[in-house]
>>> print(open('data_13.tsv').read())   # TSV, C-alpha atoms and all ligand atoms
chain	number	residue	atom	x	y	z
A	1	MET	CA	-115.67	-63.79	-35.22
A	2	SER	CA	-113.71	-62.26	-38.01
A	3	THR	CA	-114.57	-58.57	-37.76
A	4	HIS	CA	-111.09	-57.52	-36.66
A	5	ARG	CA	-109.15	-59.73	-39.02
A	6	SER	CA	-107.40	-58.00	-41.83
A	7	GLU	CA	-108.65	-60.75	-44.12
A	8	LEU	CA	-112.17	-61.89	-45.00
A	9	ARG	CA	-112.14	-65.41	-46.41
A	10	VAL	CA	-115.01	-65.75	-48.83
A	11	GLY	CA	-116.80	-68.98	-49.74
A	12	MET	CA	-119.12	-68.71	-52.72
A	13	VAL	CA	-121.91	-71.14	-53.58
A	14	GLY	CA	-122.77	-71.25	-57.31
A	15	TYR	CA	-120.57	-70.43	-60.29
A	16	ALA	CA	-122.84	-69.68	-63.24
A	17	PHE	CA	-123.64	-66.17	-64.48
A	18	MET	CA	-123.96	-64.47	-61.07
A	19	GLY	CA	-121.11	-66.56	-59.65
A	20	ALA	CA	-118.87	-65.31	-62.43
A	21	ALA	CA	-120.00	-61.71	-61.88
A	22	HIS	CA	-119.33	-61.97	-58.14
A	23	SER	CA	-115.96	-63.68	-58.73
A	24	GLN	CA	-114.90	-60.85	-60.99
A	25	ALA	CA	-115.86	-58.39	-58.26
A	26	TRP	CA	-114.05	-60.30	-55.48
A	27	ARG	CA	-110.97	-60.53	-57.72
A	28	THR	CA	-110.99	-56.82	-58.39
A	29	VAL	CA	-112.14	-55.18	-55.19
A	30	ASN	CA	-108.81	-55.32	-53.29
A	31	ARG	CA	-106.92	-53.99	-56.27
A	32	VAL	CA	-109.14	-50.96	-56.82
A	33	TYR	CA	-110.21	-49.94	-53.34
A	34	ASP	CA	-108.14	-49.41	-50.22
A	35	LEU	CA	-110.20	-51.35	-47.69
A	36	PRO	CA	-109.79	-52.15	-43.97
A	37	ALA	CA	-109.88	-55.88	-44.80
A	38	ARG	CA	-108.72	-57.91	-47.74
A	39	ALA	CA	-111.19	-60.24	-49.44
A	40	ARG	CA	-109.67	-63.64	-50.11
A	41	MET	CA	-111.33	-66.00	-52.58
A	42	ALA	CA	-110.99	-69.07	-50.40
A	43	MET	CA	-113.53	-71.63	-51.62
A	44	ILE	CA	-116.15	-72.12	-54.30
A	45	CYS	CA	-118.95	-74.69	-54.24
A	46	GLY	CA	-120.95	-76.37	-57.00
A	47	ARG	CA	-122.71	-79.68	-57.52
A	48	ASP	CA	-120.39	-81.19	-60.14
A	49	ALA	CA	-116.82	-81.87	-58.89
A	50	GLY	CA	-115.16	-81.51	-62.29
A	51	LYS	CA	-117.05	-78.38	-63.30
A	52	VAL	CA	-116.57	-76.64	-59.96
A	53	ALA	CA	-112.83	-77.40	-59.94
A	54	ASP	CA	-112.70	-75.93	-63.43
A	55	ALA	CA	-114.66	-72.88	-62.29
A	56	ALA	CA	-112.29	-72.40	-59.34
A	57	ASP	CA	-109.37	-72.36	-61.73
A	58	ARG	CA	-111.02	-70.08	-64.28
A	59	LEU	CA	-112.55	-67.63	-61.79
A	60	GLY	CA	-109.64	-67.48	-59.35
A	61	TRP	CA	-110.74	-69.44	-56.26
A	62	GLU	CA	-108.19	-71.22	-54.04
A	63	SER	CA	-110.22	-74.40	-53.53
A	64	SER	CA	-113.49	-76.04	-54.48
A	65	THR	CA	-116.05	-78.36	-52.92
A	66	THR	CA	-119.30	-80.02	-53.89
A	67	ASP	CA	-120.67	-79.78	-50.35
A	68	TRP	CA	-122.10	-76.38	-49.42
A	69	ARG	CA	-122.55	-77.51	-45.81
A	70	ALA	CA	-118.80	-78.14	-45.59
A	71	LEU	CA	-118.17	-74.66	-46.98
A	72	VAL	CA	-120.59	-73.04	-44.54
A	73	GLY	CA	-119.16	-75.00	-41.60
A	74	SER	CA	-115.51	-74.47	-42.49
A	75	ASP	CA	-113.28	-72.61	-40.02
A	76	GLY	CA	-111.52	-71.21	-43.05
A	77	ILE	CA	-114.54	-69.20	-44.20
A	78	ASP	CA	-115.77	-65.84	-42.82
A	79	VAL	CA	-118.23	-64.80	-45.56
A	80	VAL	CA	-120.73	-66.94	-47.47
A	81	ASP	CA	-121.71	-65.54	-50.86
A	82	ILE	CA	-124.90	-67.16	-52.22
A	83	CYS	CA	-125.18	-67.14	-56.04
A	84	THR	CA	-127.51	-70.11	-56.51
A	85	PRO	CA	-131.09	-70.17	-57.86
A	86	GLY	CA	-133.66	-68.89	-55.36
A	87	ASP	CA	-134.80	-72.30	-54.15
A	88	SER	CA	-131.63	-72.77	-52.08
A	89	HIS	CA	-131.10	-69.22	-50.78
A	90	ALA	CA	-132.99	-69.73	-47.52
A	91	GLU	CA	-131.42	-73.05	-46.56
A	92	ILE	CA	-127.87	-71.90	-47.22
A	93	ALA	CA	-128.32	-68.46	-45.64
A	94	LEU	CA	-129.93	-69.88	-42.48
A	95	ALA	CA	-127.10	-72.41	-42.07
A	96	ALA	CA	-124.44	-69.78	-42.71
A	97	LEU	CA	-125.91	-67.29	-40.23
A	98	ALA	CA	-126.26	-70.04	-37.63
A	99	ALA	CA	-122.57	-70.85	-38.17
A	100	GLY	CA	-121.68	-67.19	-37.52
A	101	LYS	CA	-120.72	-66.39	-41.12
A	102	HIS	CA	-121.42	-63.04	-42.73
A	103	VAL	CA	-123.76	-63.53	-45.68
A	104	ILE	CA	-124.24	-61.85	-49.01
A	105	CYS	CA	-127.18	-63.32	-50.93
A	106	GLU	CA	-128.20	-62.69	-54.55
A	107	LYS	CA	-131.58	-61.14	-55.30
A	108	PRO	CA	-134.43	-61.75	-54.93
A	109	LEU	CA	-133.74	-62.74	-51.34
A	110	ALA	CA	-135.94	-65.84	-51.44
A	111	ASN	CA	-138.67	-67.63	-53.37
A	112	THR	CA	-141.42	-66.88	-50.83
A	113	VAL	CA	-142.30	-64.32	-48.18
A	114	GLU	CA	-142.16	-67.07	-45.57
A	115	GLU	CA	-138.53	-67.87	-46.44
A	116	ALA	CA	-137.63	-64.19	-46.58
A	117	ARG	CA	-139.16	-63.65	-43.13
A	118	ALA	CA	-137.18	-66.58	-41.68
A	119	MET	CA	-133.97	-65.26	-43.23
A	120	THR	CA	-134.62	-61.75	-41.91
A	121	ALA	CA	-135.32	-63.04	-38.41
A	122	ALA	CA	-132.12	-65.13	-38.49
A	123	ALA	CA	-130.14	-62.13	-39.74
A	124	ALA	CA	-131.48	-60.01	-36.88
A	125	THR	CA	-130.46	-62.63	-34.32
A	126	ALA	CA	-127.02	-63.07	-35.88
A	127	GLN	CA	-126.57	-59.30	-36.04
A	128	THR	CA	-126.59	-59.10	-32.23
A	129	ALA	CA	-123.41	-61.22	-32.36
A	130	GLY	CA	-121.83	-58.96	-34.97
A	131	VAL	CA	-122.69	-61.15	-37.97
A	132	ARG	CA	-123.62	-59.05	-41.03
A	133	SER	CA	-125.88	-59.78	-43.97
A	134	MET	CA	-126.79	-58.11	-47.22
A	135	CYS	CA	-128.84	-58.78	-50.35
A	136	GLY	CA	-127.20	-58.27	-53.74
A	137	PHE	CA	-129.22	-55.63	-55.53
A	138	ASN	CA	-126.18	-54.54	-57.53
A	139	TYR	CA	-127.78	-51.73	-59.56
A	140	ARG	CA	-127.90	-49.55	-56.44
A	141	ARG	CA	-124.13	-49.33	-56.87
A	142	VAL	CA	-124.07	-47.98	-60.40
A	143	PRO	CA	-122.56	-44.51	-59.71
A	144	ALA	CA	-125.32	-42.73	-61.67
A	145	VAL	CA	-127.99	-44.49	-59.57
A	146	THR	CA	-126.24	-43.58	-56.32
A	147	MET	CA	-126.00	-40.01	-57.59
A	148	MET	CA	-129.71	-40.04	-58.43
A	149	ARG	CA	-130.43	-40.91	-54.82
A	150	GLN	CA	-128.22	-38.03	-53.66
A	151	LEU	CA	-130.08	-35.57	-55.91
A	152	VAL	CA	-133.38	-36.69	-54.36
A	153	ALA	CA	-131.99	-36.62	-50.81
A	154	ASP	CA	-130.54	-33.14	-51.37
A	155	GLY	CA	-134.01	-31.90	-52.32
A	156	ARG	CA	-133.03	-31.10	-55.91
A	157	LEU	CA	-136.21	-32.75	-57.22
A	158	GLY	CA	-138.49	-31.29	-54.54
A	159	VAL	CA	-141.51	-33.40	-53.66
A	160	ILE	CA	-141.52	-36.63	-55.67
A	161	ARG	CA	-144.74	-37.06	-57.66
A	162	HIS	CA	-144.02	-39.79	-60.22
A	163	VAL	CA	-141.80	-42.83	-60.62
A	164	ARG	CA	-141.77	-44.59	-64.02
A	165	ALA	CA	-139.72	-47.76	-64.10
A	166	VAL	CA	-139.25	-50.45	-66.74
A	167	TYR	CA	-136.93	-53.44	-67.01
A	168	LEU	CA	-137.18	-54.98	-70.47
A	169	GLN	CA	-135.49	-58.08	-71.87
A	170	ASP	CA	-136.28	-60.40	-74.81
A	171	TRP	CA	-134.28	-63.59	-74.27
A	172	ILE	CA	-137.33	-65.90	-74.22
A	173	VAL	CA	-139.34	-64.41	-77.12
A	174	ASP	CA	-138.65	-67.57	-79.15
A	175	PRO	CA	-141.18	-70.21	-78.03
A	176	GLN	CA	-138.46	-72.81	-78.67
A	177	PHE	CA	-136.22	-71.27	-75.99
A	178	PRO	CA	-136.04	-74.06	-73.40
A	179	LEU	CA	-137.60	-74.38	-70.00
A	180	VAL	CA	-134.58	-73.18	-67.95
A	181	TRP	CA	-134.71	-72.87	-64.16
A	182	ARG	CA	-135.67	-69.22	-64.36
A	183	LEU	CA	-138.98	-70.33	-65.93
A	184	GLN	CA	-139.84	-72.75	-63.11
A	185	LYS	CA	-141.68	-71.46	-60.06
A	186	ASP	CA	-140.26	-74.06	-57.68
A	187	ARG	CA	-136.71	-73.02	-58.65
A	188	ALA	CA	-137.08	-69.26	-59.20
A	189	GLY	CA	-140.17	-68.24	-57.18
A	190	SER	CA	-141.53	-66.10	-60.01
A	191	GLY	CA	-140.55	-65.05	-63.52
A	192	ALA	CA	-139.79	-61.61	-64.92
A	193	LEU	CA	-141.39	-60.21	-61.76
A	194	GLY	CA	-138.85	-61.56	-59.26
A	195	ASP	CA	-135.86	-61.72	-61.58
A	196	ILE	CA	-135.90	-58.21	-63.02
A	197	GLY	CA	-138.99	-56.55	-61.49
A	198	ALA	CA	-137.29	-56.95	-58.09
A	199	HIS	CA	-134.41	-54.79	-59.37
A	200	ILE	CA	-136.63	-51.84	-60.29
A	201	ILE	CA	-138.62	-52.16	-57.08
A	202	ASP	CA	-135.42	-52.00	-55.03
A	203	LEU	CA	-133.82	-49.32	-57.17
A	204	THR	CA	-136.78	-46.93	-57.05
A	205	GLN	CA	-137.24	-47.41	-53.32
A	206	PHE	CA	-133.52	-46.83	-52.79
A	207	VAL	CA	-133.45	-43.68	-54.92
A	208	THR	CA	-136.63	-42.11	-53.52
A	209	GLY	CA	-136.20	-43.29	-49.93
A	210	GLN	CA	-139.87	-44.30	-50.08
A	211	ARG	CA	-141.50	-47.69	-49.90
A	212	ILE	CA	-144.25	-49.14	-52.07
A	213	THR	CA	-147.43	-49.39	-50.00
A	214	GLY	CA	-149.93	-50.89	-52.46
A	215	VAL	CA	-150.24	-52.19	-56.03
A	216	SER	CA	-152.65	-53.12	-58.80
A	217	ALA	CA	-151.13	-55.61	-61.22
A	218	VAL	CA	-151.47	-57.76	-64.31
A	219	THR	CA	-149.14	-60.61	-65.19
A	220	GLU	CA	-149.03	-62.92	-68.19
A	221	THR	CA	-147.36	-66.12	-69.33
A	222	PHE	CA	-147.35	-65.81	-73.11
A	223	VAL	CA	-145.70	-69.15	-73.87
A	224	LYS	CA	-147.11	-71.80	-71.57
A	225	GLU	CA	-145.14	-74.86	-72.66
A	226	ARG	CA	-141.47	-75.08	-73.67
A	227	PRO	CA	-138.97	-77.73	-74.70
A	228	LEU	CA	-136.78	-79.10	-71.95
A	229	PRO	CA	-133.18	-77.81	-72.02
A	230	ALA	CA	-130.32	-79.86	-73.40
A	231	GLY	CA	-127.40	-79.42	-71.02
A	232	SER	CA	-126.93	-75.87	-69.71
A	233	SER	CA	-129.86	-74.28	-67.92
A	234	GLY	CA	-128.55	-70.72	-68.13
A	235	LEU	CA	-129.51	-67.73	-70.26
A	236	ALA	CA	-127.71	-69.22	-73.29
A	237	ALA	CA	-129.45	-72.61	-73.04
A	238	ARG	CA	-130.67	-74.55	-76.08
A	239	ALA	CA	-133.39	-77.14	-76.54
A	240	ASP	CA	-132.73	-80.61	-77.88
A	241	GLY	CA	-134.21	-79.76	-81.29
A	242	ASP	CA	-137.48	-80.84	-82.92
A	243	GLY	CA	-139.42	-83.36	-80.94
A	244	ALA	CA	-137.77	-82.51	-77.61
A	245	ALA	CA	-139.92	-83.28	-74.61
A	246	THR	CA	-141.71	-80.21	-73.24
A	247	GLY	CA	-142.81	-78.96	-69.85
A	248	PRO	CA	-145.08	-76.21	-68.47
A	249	VAL	CA	-143.82	-72.68	-67.82
A	250	THR	CA	-144.92	-72.01	-64.25
A	251	VAL	CA	-143.91	-68.35	-63.87
A	252	ASP	CA	-144.92	-65.02	-65.37
A	253	ASP	CA	-143.29	-63.87	-68.61
A	254	ALA	CA	-144.28	-60.27	-67.88
A	255	ALA	CA	-145.63	-58.20	-65.00
A	256	VAL	CA	-147.06	-54.68	-65.17
A	257	PHE	CA	-148.32	-52.76	-62.16
A	258	VAL	CA	-149.22	-49.37	-60.79
A	259	ALA	CA	-148.22	-48.56	-57.24
A	260	ARG	CA	-148.28	-45.95	-54.52
A	261	LEU	CA	-144.95	-45.07	-52.92
A	262	GLY	CA	-144.59	-43.36	-49.57
A	263	ALA	CA	-147.26	-40.79	-48.78
A	264	GLY	CA	-148.15	-39.44	-52.20
A	265	THR	CA	-146.04	-40.74	-55.10
A	266	LEU	CA	-147.69	-42.49	-58.06
A	267	ALA	CA	-145.60	-45.11	-59.80
A	268	THR	CA	-145.71	-47.50	-62.75
A	269	TYR	CA	-143.58	-50.61	-63.21
A	270	GLU	CA	-143.11	-53.00	-66.13
A	271	ALA	CA	-140.91	-56.11	-66.10
A	272	THR	CA	-140.90	-58.33	-69.16
A	273	ARG	CA	-138.82	-60.87	-71.05
A	274	PHE	CA	-140.92	-60.30	-74.18
A	275	ALA	CA	-139.86	-56.77	-75.17
A	276	THR	CA	-138.51	-57.80	-78.57
A	277	GLY	CA	-135.27	-55.97	-79.31
A	278	ARG	CA	-134.75	-54.86	-75.70
A	279	LYS	CA	-131.82	-56.85	-74.32
A	280	ASN	CA	-131.27	-55.54	-70.81
A	281	ALA	CA	-133.07	-52.21	-70.76
A	282	LEU	CA	-133.64	-50.83	-67.29
A	283	ARG	CA	-134.94	-47.27	-67.31
A	284	VAL	CA	-136.21	-45.15	-64.44
A	285	GLU	CA	-137.63	-41.63	-64.58
A	286	ILE	CA	-138.51	-39.64	-61.49
A	287	ASN	CA	-140.50	-36.40	-61.58
A	288	GLY	CA	-140.56	-34.03	-58.62
A	289	SER	CA	-142.00	-30.61	-57.96
A	290	LEU	CA	-138.60	-28.97	-58.71
A	291	GLY	CA	-137.10	-31.25	-61.31
A	292	SER	CA	-136.75	-34.66	-62.92
A	293	VAL	CA	-134.04	-37.26	-63.35
A	294	VAL	CA	-133.69	-40.20	-65.75
A	295	PHE	CA	-131.42	-43.26	-65.58
A	296	ASP	CA	-130.98	-45.68	-68.46
A	297	LEU	CA	-128.83	-48.79	-67.86
A	298	GLU	CA	-127.87	-48.91	-71.54
A	299	ARG	CA	-126.15	-45.55	-70.94
A	300	LEU	CA	-125.08	-46.19	-67.39
A	301	ASN	CA	-122.35	-43.55	-67.25
A	302	GLU	CA	-124.95	-40.82	-67.69
A	303	LEU	CA	-127.88	-39.20	-65.95
A	304	GLU	CA	-130.42	-36.89	-67.50
A	305	PHE	CA	-131.35	-34.11	-65.11
A	306	HIS	CA	-133.93	-31.39	-65.51
A	307	ASP	CA	-133.56	-28.57	-62.99
A	308	GLY	CA	-136.95	-26.84	-62.92
A	309	THR	CA	-135.55	-23.95	-60.87
A	310	ARG	CA	-133.47	-22.70	-63.78
A	311	LEU	CA	-134.62	-19.77	-65.94
A	312	THR	CA	-137.53	-20.84	-68.16
A	313	ALA	CA	-135.43	-20.08	-71.22
A	314	GLU	CA	-132.74	-22.52	-70.02
A	315	GLN	CA	-134.92	-25.44	-69.01
A	316	GLY	CA	-134.80	-28.96	-70.41
A	317	PHE	CA	-132.87	-32.13	-69.67
A	318	THR	CA	-129.11	-31.87	-69.27
A	319	ARG	CA	-126.86	-34.90	-69.78
A	320	ILE	CA	-124.53	-35.36	-66.81
A	321	LEU	CA	-121.50	-37.58	-67.39
A	322	VAL	CA	-121.06	-39.54	-64.17
A	323	THR	CA	-117.38	-40.20	-64.83
A	324	GLU	CA	-115.59	-37.79	-62.50
A	325	GLY	CA	-113.71	-38.35	-59.27
A	326	GLU	CA	-116.45	-36.43	-57.43
A	327	HIS	CA	-119.01	-39.05	-58.41
A	328	PRO	CA	-119.79	-42.03	-56.16
A	329	TYR	CA	-117.25	-44.90	-56.41
A	330	MET	CA	-115.45	-43.30	-59.37
A	331	SER	CA	-112.25	-41.83	-57.95
A	332	ALA	CA	-110.67	-45.27	-57.47
A	333	TRP	CA	-111.08	-46.28	-61.11
A	334	TRP	CA	-109.67	-44.43	-64.12
A	335	PRO	CA	-108.72	-40.84	-64.86
A	336	PRO	CA	-111.74	-38.46	-65.19
A	337	GLY	CA	-113.98	-39.09	-68.19
A	338	HIS	CA	-113.28	-42.81	-68.46
A	339	ILE	CA	-116.40	-44.90	-68.49
A	340	ILE	CA	-117.26	-48.05	-66.55
A	341	GLY	CA	-119.73	-50.93	-67.14
A	342	TYR	CA	-122.13	-53.53	-65.74
A	343	GLU	CA	-119.53	-55.51	-63.78
A	344	HIS	CA	-118.35	-52.48	-61.82
A	345	SER	CA	-121.63	-52.39	-59.90
A	346	PHE	CA	-120.68	-55.77	-58.39
A	347	THR	CA	-117.21	-54.54	-57.41
A	348	HIS	CA	-118.85	-51.54	-55.71
A	349	GLN	CA	-121.20	-53.94	-53.93
A	350	MET	CA	-118.27	-55.97	-52.58
A	351	ARG	CA	-116.45	-52.75	-51.65
A	352	ASP	CA	-119.36	-51.62	-49.49
A	353	PHE	CA	-119.88	-55.08	-48.04
A	354	VAL	CA	-116.22	-55.57	-47.06
A	355	GLU	CA	-116.00	-52.10	-45.58
A	356	ALA	CA	-119.18	-52.58	-43.54
A	357	VAL	CA	-118.15	-56.00	-42.23
A	358	ALA	CA	-114.59	-54.88	-41.44
A	359	THR	CA	-115.76	-51.78	-39.59
A	360	GLY	CA	-118.64	-53.50	-37.77
A	361	VAL	CA	-121.48	-51.73	-39.54
A	362	ASP	CA	-124.60	-53.29	-41.11
A	363	PRO	CA	-124.40	-53.23	-44.90
A	364	THR	CA	-127.40	-52.33	-47.05
A	365	PRO	CA	-129.68	-53.47	-48.55
A	366	SER	CA	-130.25	-55.58	-45.45
A	367	PHE	CA	-132.30	-58.76	-45.44
A	368	ALA	CA	-135.09	-56.62	-43.93
A	369	ASP	CA	-134.92	-54.29	-46.96
A	370	ALA	CA	-135.00	-57.32	-49.27
A	371	LEU	CA	-137.95	-58.76	-47.32
A	372	HIS	CA	-139.87	-55.61	-48.16
A	373	VAL	CA	-139.13	-56.18	-51.87
A	374	GLN	CA	-140.37	-59.75	-51.43
A	375	LEU	CA	-143.58	-58.43	-49.88
A	376	VAL	CA	-144.09	-56.17	-52.90
A	377	LEU	CA	-143.55	-59.15	-55.25
A	378	ASP	CA	-146.12	-61.05	-53.22
A	379	ALA	CA	-148.63	-58.18	-53.35
A	380	VAL	CA	-148.19	-57.97	-57.16
A	381	THR	CA	-148.79	-61.73	-57.51
A	382	ARG	CA	-151.90	-61.60	-55.32
A	383	SER	CA	-153.29	-58.55	-57.10
A	384	ALA	CA	-152.81	-60.13	-60.54
A	385	ARG	CA	-154.45	-63.35	-59.33
A	386	ASP	CA	-157.43	-61.37	-58.01
A	387	GLY	CA	-158.19	-59.50	-61.26
A	388	SER	CA	-155.87	-56.54	-60.53
A	389	ARG	CA	-157.56	-55.78	-57.20
A	390	TRP	CA	-155.83	-53.00	-55.25
A	391	THR	CA	-153.55	-54.87	-52.82
A	392	GLU	CA	-151.73	-53.38	-49.86
A	393	VAL	CA	-148.16	-54.52	-49.27
A	394	GLU	CA	-148.11	-56.52	-46.03
A	395	PRO	CA	-146.10	-55.06	-43.17
A	396	ALA	CA	-142.70	-56.70	-42.62
A	397	LEU	CA	-143.57	-57.45	-39.02
A	398	ALA	CA	-146.50	-59.88	-39.38
B	401	LIG	C1	-131.57	-62.39	-66.18
B	401	LIG	O1	-132.81	-61.85	-66.43
B	401	LIG	C2	-130.64	-61.42	-65.44
B	401	LIG	O2	-129.38	-62.02	-65.48
B	401	LIG	C3	-131.01	-61.19	-63.98
B	401	LIG	O3	-131.09	-62.39	-63.26
B	401	LIG	C4	-130.02	-60.23	-63.37
B	401	LIG	O4	-130.36	-59.96	-62.04
B	401	LIG	C5	-129.96	-58.95	-64.20
B	401	LIG	O5	-128.93	-58.16	-63.70
B	401	LIG	C6	-129.69	-59.23	-65.64
B	401	LIG	O6	-130.61	-60.19	-66.12
>>> encode(input="data_13.tsv", output="structure tokens")
Amino acid sequence: MSTHRSELRVGMVGYAFMGAAHSQAWRTVNRVYDLPARARMAMICGRDAGKVADAADRLGWESSTTDWRALVGSDGIDVVDICTPGDSHAEIALAALAAGKHVICEKPLANTVEEARAMTAAAATAQTAGVRSMCGFNYRRVPAVTMMRQLVADGRLGVIRHVRAVYLQDWIVDPQFPLVWRLQKDRAGSGALGDIGAHIIDLTQFVTGQRITGVSAVTETFVKERPLPAGSSGLAARADGDGAATGPVTVDDAAVFVARLGAGTLATYEATRFATGRKNALRVEINGSLGSVVFDLERLNELEFHDGTRLTAEQGFTRILVTEGEHPYMSAWWPPGHIIGYEHSFTHQMRDFVEAVATGVDPTPSFADALHVQLVLDAVTRSARDGSRWTEVEPALA
């Protein structure tokens, strides 16, 4: 067990978009934060030997392998970081936990509730031996989002009545955009729902401290057949041109649902990849009996806050700049007033993970938290299938 080592040797599986984001965070975290253990970028794994060696070089890893089982079983690895598509999360995480490695796994935790349950059970067993696990819902660690949670916890919003959450993208509006892995159910589990809907489910539950109990949903697949990709299967993929072979899109392009949170909060959620002109627009508004707060990822250094206890003549939304040393995570970065961006949320995630592992504490969101998100995704899918029927979220303990 590595808990008392001053070094945590990380092995990461996957090196595409999320792998690059995580690498950047692992590279940066020791330099910015003073932590009880030092993260060391020991090994990276990918399927293609040449490409993974290249990625190791470019992203700053000491060694590379094409065999994730060798990485997971290596005595030189303490932490396994899973940045692969969802269809391999469960297998890698279960093997890593069984080998006594701490695990950080990208969101959504798994492709199915069954897998998420198995991973959560394995994490609970491993936890008794001091092995830690966490799911990578990085937006929790945007300072403005963490501050939003503090405002709610401090009672500044009073009783929460409404949550309004959207996550809007447009990268597959073109029907010629190819059938990448994110559009295949067997690889990704679901579409916009699990990829970006999972973020707003986690974020709103994190901020309010409440859990979604039931949903009524609609989902749609607007473009049902797409050309097969030529080469890269990432967000910047291209098709082979006219006459390329096609295949069926097996996930949702968009999901919209209403939900109940906790005892009495009403919520609406929209996750779509067809919001033309919206590139990566995550926006959450929360209304309480004493005030409201708004977060917009496109302006992530800010929060809009309405304090309903102020004099009537002075009411309205105030823009708070979340750039000061007093704000969560910020004092380690730049002098006051200097803004940060998307990638910092991953550095904050690694900061919290390393600190938790090194001090023997369970990091959050835990696999159990991520299982709950998976259960919400499942309830949304079932509700949409059954003509938007009101569907309770299953309890985590089945
Ligand atoms: C693609 O929709 C994607 O990269 C998601 O997979 C990420 O989780 C999100 O942060 C940005 O968009």
>>> residues_around(input="data_13.tsv", residues="stretch 318-328 of chain A", least_positions_apart="5", cutoff="12 Å", atoms="only C-alpha atoms", output="number ranges by chain")
A: 140-151, 291-296, 299-308, 310, 333-341, 344-345, 348, 352
>>> residues_near_ligand(input="data_13.tsv", ligand="ligand LIG 401 (chain B)", cutoff="9 Å", atoms="all atoms listed in the file", output="short mmCIF file (atom, residue, chain, number, x, y, z; two decimals) with C-alpha atoms, keeping the file's coordinate frame")
data_model
loop_
_atom_site.label_atom_id
_atom_site.label_comp_id
_atom_site.auth_asym_id
_atom_site.auth_seq_id
_atom_site.Cartn_x
_atom_site.Cartn_y
_atom_site.Cartn_z
CA PHE A 17 -123.64 -66.17 -64.48
CA MET A 18 -123.96 -64.47 -61.07
CA GLU A 106 -128.20 -62.69 -54.55
CA LYS A 107 -131.58 -61.14 -55.30
CA PRO A 108 -134.43 -61.75 -54.93
CA PHE A 137 -129.22 -55.63 -55.53
CA ASN A 138 -126.18 -54.54 -57.53
CA TYR A 139 -127.78 -51.73 -59.56
CA GLN A 169 -135.49 -58.08 -71.87
CA TRP A 171 -134.28 -63.59 -74.27
CA ARG A 182 -135.67 -69.22 -64.36
CA GLY A 191 -140.55 -65.05 -63.52
CA ALA A 192 -139.79 -61.61 -64.92
CA GLY A 194 -138.85 -61.56 -59.26
CA ASP A 195 -135.86 -61.72 -61.58
CA ILE A 196 -135.90 -58.21 -63.02
CA ALA A 198 -137.29 -56.95 -58.09
CA HIS A 199 -134.41 -54.79 -59.37
CA LEU A 235 -129.51 -67.73 -70.26
CA ARG A 273 -138.82 -60.87 -71.05
CA LYS A 279 -131.82 -56.85 -74.32
CA ASN A 280 -131.27 -55.54 -70.81
CA TYR A 342 -122.13 -53.53 -65.74
#
>>> residues_near_point(input="data_13.tsv", point="(-115.8, -86.5, -55.8)", cutoff="9 Å", atoms="only C-alpha atoms", output="PyMOL selection string")
chain A and resi 48-50+65-66
>>> residues_near_point(input="data_13.tsv", point="(-121.0, -51.0, -40.2)", cutoff="12 Å", atoms="only C-alpha atoms", output="PDB file with C-alpha atoms, keeping the file's coordinate frame")
ATOM      1  CA  THR A   3    -114.570 -58.570 -37.760  1.00  0.00           C
ATOM      2  CA  PRO A  36    -109.790 -52.150 -43.970  1.00  0.00           C
ATOM      3  CA  GLN A 127    -126.570 -59.300 -36.040  1.00  0.00           C
ATOM      4  CA  GLY A 130    -121.830 -58.960 -34.970  1.00  0.00           C
ATOM      5  CA  VAL A 131    -122.690 -61.150 -37.970  1.00  0.00           C
ATOM      6  CA  ARG A 132    -123.620 -59.050 -41.030  1.00  0.00           C
ATOM      7  CA  SER A 133    -125.880 -59.780 -43.970  1.00  0.00           C
ATOM      8  CA  MET A 134    -126.790 -58.110 -47.220  1.00  0.00           C
ATOM      9  CA  ASP A 352    -119.360 -51.620 -49.490  1.00  0.00           C
ATOM     10  CA  PHE A 353    -119.880 -55.080 -48.040  1.00  0.00           C
ATOM     11  CA  VAL A 354    -116.220 -55.570 -47.060  1.00  0.00           C
ATOM     12  CA  GLU A 355    -116.000 -52.100 -45.580  1.00  0.00           C
ATOM     13  CA  ALA A 356    -119.180 -52.580 -43.540  1.00  0.00           C
ATOM     14  CA  VAL A 357    -118.150 -56.000 -42.230  1.00  0.00           C
ATOM     15  CA  ALA A 358    -114.590 -54.880 -41.440  1.00  0.00           C
ATOM     16  CA  THR A 359    -115.760 -51.780 -39.590  1.00  0.00           C
ATOM     17  CA  GLY A 360    -118.640 -53.500 -37.770  1.00  0.00           C
ATOM     18  CA  VAL A 361    -121.480 -51.730 -39.540  1.00  0.00           C
ATOM     19  CA  ASP A 362    -124.600 -53.290 -41.110  1.00  0.00           C
ATOM     20  CA  PRO A 363    -124.400 -53.230 -44.900  1.00  0.00           C
ATOM     21  CA  THR A 364    -127.400 -52.330 -47.050  1.00  0.00           C
ATOM     22  CA  SER A 366    -130.250 -55.580 -45.450  1.00  0.00           C
TER      23      SER A 366
END
>>> closest_residue(input="data_13.tsv", among="A:Pro248, A:Arg117, A:Met41, A:Ala93", to="A:Val29", atoms="only C-alpha atoms")
A:Met41
>>> closest_residue(input="data_13.tsv", among="A:Gly214, A:Gly264, A:Gly243, A:Gly86", to="A:Leu228", atoms="only C-alpha atoms")
A:Gly243
>>> atom_distance(input="data_13.tsv", atom1="atom CA of A:Ala16", atom2="atom CA of A:Ala230")
16.2 Å
>>> closest_residue(input="data_13.tsv", among="A:Gly136, A:Gly60, A:Gly14, A:Gly158", to="A:Leu290", atoms="all atoms listed in the file")
A:Gly158
>>> atom_distance(input="data_13.tsv", atom1="atom CA of A:Val376", atom2="atom CA of A:Val80")
26.3 Å
